[in-house]
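Heads up: the structure comes next, in structure tokens.
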Amino acid sequence: MKARAFSYFRADTIDQALNAHARAGDDARFIAGGQSLVPALSLRLQAPRLLIDIAHIAELRGIRREGDTLRIGALTRHCEMLSEPLIAEFAPLLRAAAPFVAHPAIRNRGTFGGSVALADPASEFPAMTLALGAEIEIAGPSGNRRVKADDFFIDLFETALQPGELITAVHVPLFRSGQRFAFDELARRRGDYALVGCGMLASHTGDRIDDIRIAFFSVGNTPTRVKGAEAALTGFTIDAARIAAAQAALEDDLAPPESDEVPPAMRLHLARVLLGRLLGRLGEGA
């Protein structure tokens, strides 16, 4: 199949991109890396009249410290998560997740902002914004705003983005002394969509967990925080009993959808196994 005919506009500034979208209305799409949009165009799952190329907007690039956060520009490519020293130092959970994102060809083109905006429930980076307690910086016709990751993912491929808005950056709290993180996923083959994946970030005093955020992906219609499991761990030292309590809480935290590929009961079992593995790593000081 081939994409339907469309017009193309290359924007050099955010304002140009927003104005072009406003003129075209709902019949326009922003494109940067294009690793999800181009296949959708080819399959005619989407058929916009106008594509607005935002890949050359300098304002959307760059990674820098801003106070207590790391500002990651929306056009940051997946491969830069592996190579950028600021990511390794101040957002190591993103660095840990990056090698699991698809394959090198896709990581070389795909953008961090695009992944978060698409909100694929099986993708690594949207879930990691939840685990990190990040804020999404958004530009639109009504101005700029920020949305907490906890409020950004609404339903399957549905986010807090309004028509004509685009993500400009993601703000991640700086990784600090006393924190530990862990990430892993289970997939049939490396680079395939995960059967289940999980990332977590915990603040410790000694071996006691003061605060923990745990986010799963590939287990529901959105990236999912498991707040029951978090509550079962907060204030305690990780041991076999705490791990079992957190695993038991997943029954209420997660509701895997029916699937011909993986039955919900199997996906929930894999989530429990993965949670146990990652908490074991945290307990060892990962």
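Chain labels run A, B, ... following the order of the structure tokens; each chain numbers its residues from 1, and ligands are numbered from 1 in the order shown.
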key: Test item: residues at most 9 Å from segment 96-100 of chain A, only C-alpha atoms, excluding those fewer than 2 positions along its chain, as a list in words   = His78, Cys79, Glu80, Met81, Leu82, Ala88, Pro92, Leu93, Leu94, Ala102, His103, Pro104, Arg107, Glu124, Phe125, Met128, Ala182, Phe183, Asp184, Glu185, Arg190, Gly191, Asp192, Ala194 and Gly199 of chain A
query = Would you give me, as a count of residues only, the residues in segment 38-128 of chain A that DSSP reads as strand (DSSP E)?
reply = 13
Sorted by chain and rising residue number, list the residues of segment 69-140 of chain A at most 12 Å from segment 214-220 of chain A (counting only C-alpha atoms), each with its closest atom pair and distance in Å to one decimal, as CSV.
residue,atom,partner,partner_atom,distance
A:Leu93,CA,A:Ile214,CA,11.6
A:Ala97,CA,A:Phe217,CA,11.8
A:Ala119,CA,A:Phe217,CA,10.4
A:Asp120,CA,A:Ser218,CA,8.8
A:Pro121,CA,A:Ser218,CA,5.6
A:Ala122,CA,A:Ser218,CA,4.2
A:Ser123,CA,A:Phe217,CA,6.7
A:Glu124,CA,A:Phe217,CA,6.9
A:Phe125,CA,A:Phe217,CA,9.4
A:Pro126,CA,A:Phe217,CA,8.5
A:Ala127,CA,A:Ala215,CA,5.7
A:Met128,CA,A:Ala215,CA,6.8
A:Thr129,CA,A:Ala215,CA,8.7
A:Leu130,CA,A:Ala215,CA,6.2
A:Ala131,CA,A:Ala215,CA,5.1
A:Leu132,CA,A:Ile214,CA,8.8
A:Gly133,CA,A:Ile214,CA,10.1
ask   = Out of segment 21-240 of chain A, which residues get helix (DSSP H, G or I) from DSSP, as an NGL selection string?
value = :A and (21-27 or 37-42 or 58-60 or 78-83 or 85-90 or 92-100 or 104-107 or 112-118 or 124-132 or 149-152 or 227-233 or 240)
request  = Tell me, as a VMD selection string, which residues lie within 12 Å of Asp15 of chain A, counting only C-alpha atoms; anything in the same chain fewer than 2 positions away does not count.
outcome  = chain A and resid 11 to 13 17 to 22 52 54 57 59 to 60 139 to 144 164 to 166 168
Those residues you just picked out, can you put them in a file as an mmCIF file, in the first residue's frame with C-alpha atoms?
data_model
loop_
_atom_site.group_PDB
_atom_site.id
_atom_site.type_symbol
_atom_site.label_atom_id
_atom_site.label_comp_id
_atom_site.auth_asym_id
_atom_site.auth_seq_id
_atom_site.Cartn_x
_atom_site.Cartn_y
_atom_site.Cartn_z
ATOM 1 C CA ALA A 11 8.741 24.315 9.987
ATOM 2 C CA ASP A 12 11.823 26.096 11.300
ATOM 3 C CA THR A 13 10.235 27.344 14.544
ATOM 4 C CA ALA A 17 4.544 24.582 13.147
ATOM 5 C CA LEU A 18 1.629 25.616 15.344
ATOM 6 C CA ASN A 19 0.373 28.192 12.825
ATOM 7 C CA ALA A 20 0.524 25.667 9.987
ATOM 8 C CA HIS A 21 -1.475 23.182 12.038
ATOM 9 C CA ALA A 22 -4.047 25.835 12.961
ATOM 10 C CA ILE A 52 4.285 19.385 9.229
ATOM 11 C CA ILE A 54 9.254 19.594 12.952
ATOM 12 C CA ILE A 57 13.299 23.071 14.881
ATOM 13 C CA GLU A 59 14.108 24.802 20.018
ATOM 14 C CA LEU A 60 13.122 21.132 20.275
ATOM 15 C CA ALA A 139 3.257 24.063 23.251
ATOM 16 C CA GLY A 140 -0.042 24.857 21.581
ATOM 17 C CA PRO A 141 -2.343 27.569 20.259
ATOM 18 C CA SER A 142 -3.178 28.678 23.807
ATOM 19 C CA GLY A 143 0.451 28.887 24.929
ATOM 20 C CA ASN A 144 2.796 26.634 26.856
ATOM 21 C CA GLY A 164 -2.711 21.402 17.464
ATOM 22 C CA GLU A 165 -0.401 20.874 20.455
ATOM 23 C CA LEU A 166 3.050 19.291 20.389
ATOM 24 C CA THR A 168 8.543 20.395 23.254
#
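With only C-alpha atoms as the atoms that count, the minimum distance from Arg65 of chain A to the choices A:His171, A:Arg109, A:Arg242, A:Arg176 is reached by A:His171.
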query = Between A:Gly235, A:Arg61, A:Glu135, A:Ser36, which is the closest to Ser115 of chain A once you count only C-alpha atoms?
reply =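 For Ser115 of chain A, the nearest of the given residues is A:Ser36.
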request  = Rank A:Ala231, A:Leu70, A:Ile138, A:Ile209 by their smallest atom-to-atom distance to Leu250 of chain A, using only C-alpha atoms, and report the top residue only.
outcome  =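 Closest to Leu250 of chain A, using only C-alpha atoms: A:Ala231.
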Do a neighbour search on Gly33 of chain A at 6 Å with only C-alpha atoms, toss out local chain neighbours closer than 2 positions, and write the hits as a CSV table (one decimal) with N, CA, C and O atoms, in the first residue's frame.
chain,number,residue,atom,x,y,z
A,35,GLN,N,8.9,7.1,12.8
A,35,GLN,CA,9.0,5.7,12.9
A,35,GLN,C,7.7,5.0,13.2
A,35,GLN,O,7.5,3.8,13.0
A,109,ARG,N,16.6,7.0,14.4
A,109,ARG,CA,15.6,8.0,13.8
A,109,ARG,C,14.5,8.4,14.8
A,109,ARG,O,14.1,9.6,14.8
A,110,GLY,N,14.1,7.5,15.6
A,110,GLY,CA,12.9,7.7,16.5
A,110,GLY,C,13.3,8.8,17.5
A,110,GLY,O,14.4,8.9,18.0
A,111,THR,N,12.3,9.6,17.9
A,111,THR,CA,12.5,10.6,18.9
A,111,THR,C,11.8,10.4,20.2
A,111,THR,O,10.8,9.7,20.2
Write out as a PDB file with N, CA, C and O atoms, in the first residue's frame which residues come within 9 Å of Leu270 of chain A when counting only C-alpha atoms, dropping same-chain ones fewer than 6 positions away.
ATOM      1  N   LEU A 186      10.509  -8.624  29.426  1.00  0.00           N
ATOM      2  CA  LEU A 186      10.481  -9.985  28.915  1.00  0.00           C
ATOM      3  C   LEU A 186       9.871  -9.955  27.525  1.00  0.00           C
ATOM      4  O   LEU A 186       8.759  -9.445  27.339  1.00  0.00           O
ATOM      5  N   LEU A 195       6.498  -8.645  26.141  1.00  0.00           N
ATOM      6  CA  LEU A 195       5.315  -9.286  26.712  1.00  0.00           C
ATOM      7  C   LEU A 195       4.928  -8.568  27.994  1.00  0.00           C
ATOM      8  O   LEU A 195       3.752  -8.439  28.316  1.00  0.00           O
ATOM      9  N   VAL A 196       5.925  -8.115  28.731  1.00  0.00           N
ATOM     10  CA  VAL A 196       5.736  -7.286  29.910  1.00  0.00           C
ATOM     11  C   VAL A 196       7.064  -6.604  30.205  1.00  0.00           C
ATOM     12  O   VAL A 196       8.131  -7.166  29.982  1.00  0.00           O
TER      13      VAL A 196
END
key: Within 9 Å of Ala5 of chain A using only C-alpha atoms, minus same-chain residues under 3 positions, as a list in words   = Ala47, Pro48 and Arg49 of chain A
With N, CA and C atoms retained, could you export that selection as a PDB file, in the first residue's frame?
ATOM      1  N   ALA A  47      -4.468   9.480   7.214  1.00  0.00           N
ATOM      2  CA  ALA A  47      -4.421  10.089   5.878  1.00  0.00           C
ATOM      3  C   ALA A  47      -4.587  11.600   5.996  1.00  0.00           C
ATOM      4  N   PRO A  48      -3.641  12.283   6.625  1.00  0.00           N
ATOM      5  CA  PRO A  48      -3.756  13.738   6.772  1.00  0.00           C
ATOM      6  C   PRO A  48      -3.543  14.455   5.443  1.00  0.00           C
ATOM      7  N   ARG A  49      -4.124  15.644   5.355  1.00  0.00           N
ATOM      8  CA  ARG A  49      -3.925  16.458   4.150  1.00  0.00           C
ATOM      9  C   ARG A  49      -2.568  17.143   4.175  1.00  0.00           C
TER      10      ARG A  49
END
task = Find, counting only C-alpha atoms, the residue in A:Glu89, A:Asp207, A:Asp252, A:Asp151 that gets nearest to Thr222 of chain A.
result =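 Going through A:Glu89, A:Asp207, A:Asp252, A:Asp151 one by one, the smallest distance to Thr222 of chain A is for A:Asp151.
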ask   = Quick one: distance from atom CA of Asp239 of chain A to atom CA of Phe175 of chain A in Å, one decimal?
value =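 These atoms are spaced 24.2 Å apart.
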ask   = For Leu156 of chain A, which residue among A:Pro257, A:Ala24, A:Asn108, A:Ala241 is the nearest when counting only C-alpha atoms?
value =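 Comparing A:Pro257, A:Ala24, A:Asn108, A:Ala241 against Leu156 of chain A, the winner is A:Pro257.
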So that I can check the surroundings of His204 of chain A, please list as a CSV table (one decimal) with N, CA and C atoms, in the first residue's frame every protein, DNA and RNA residue that reaches within 7 Å of it, counting only C-alpha atoms and ignoring chain neighbours fewer than 6 positions away.
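out_13.csv written:
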chain,number,residue,atom,x,y,z
A,178,GLY,N,21.3,8.3,47.2
A,178,GLY,CA,20.3,7.6,47.9
A,178,GLY,C,19.2,7.0,47.1
A,179,GLN,N,19.2,7.2,45.8
A,179,GLN,CA,18.2,6.6,44.9
A,179,GLN,C,18.8,5.3,44.2
A,210,ASP,N,12.1,4.7,51.2
A,210,ASP,CA,11.3,5.9,51.6
A,210,ASP,C,10.3,6.2,50.6
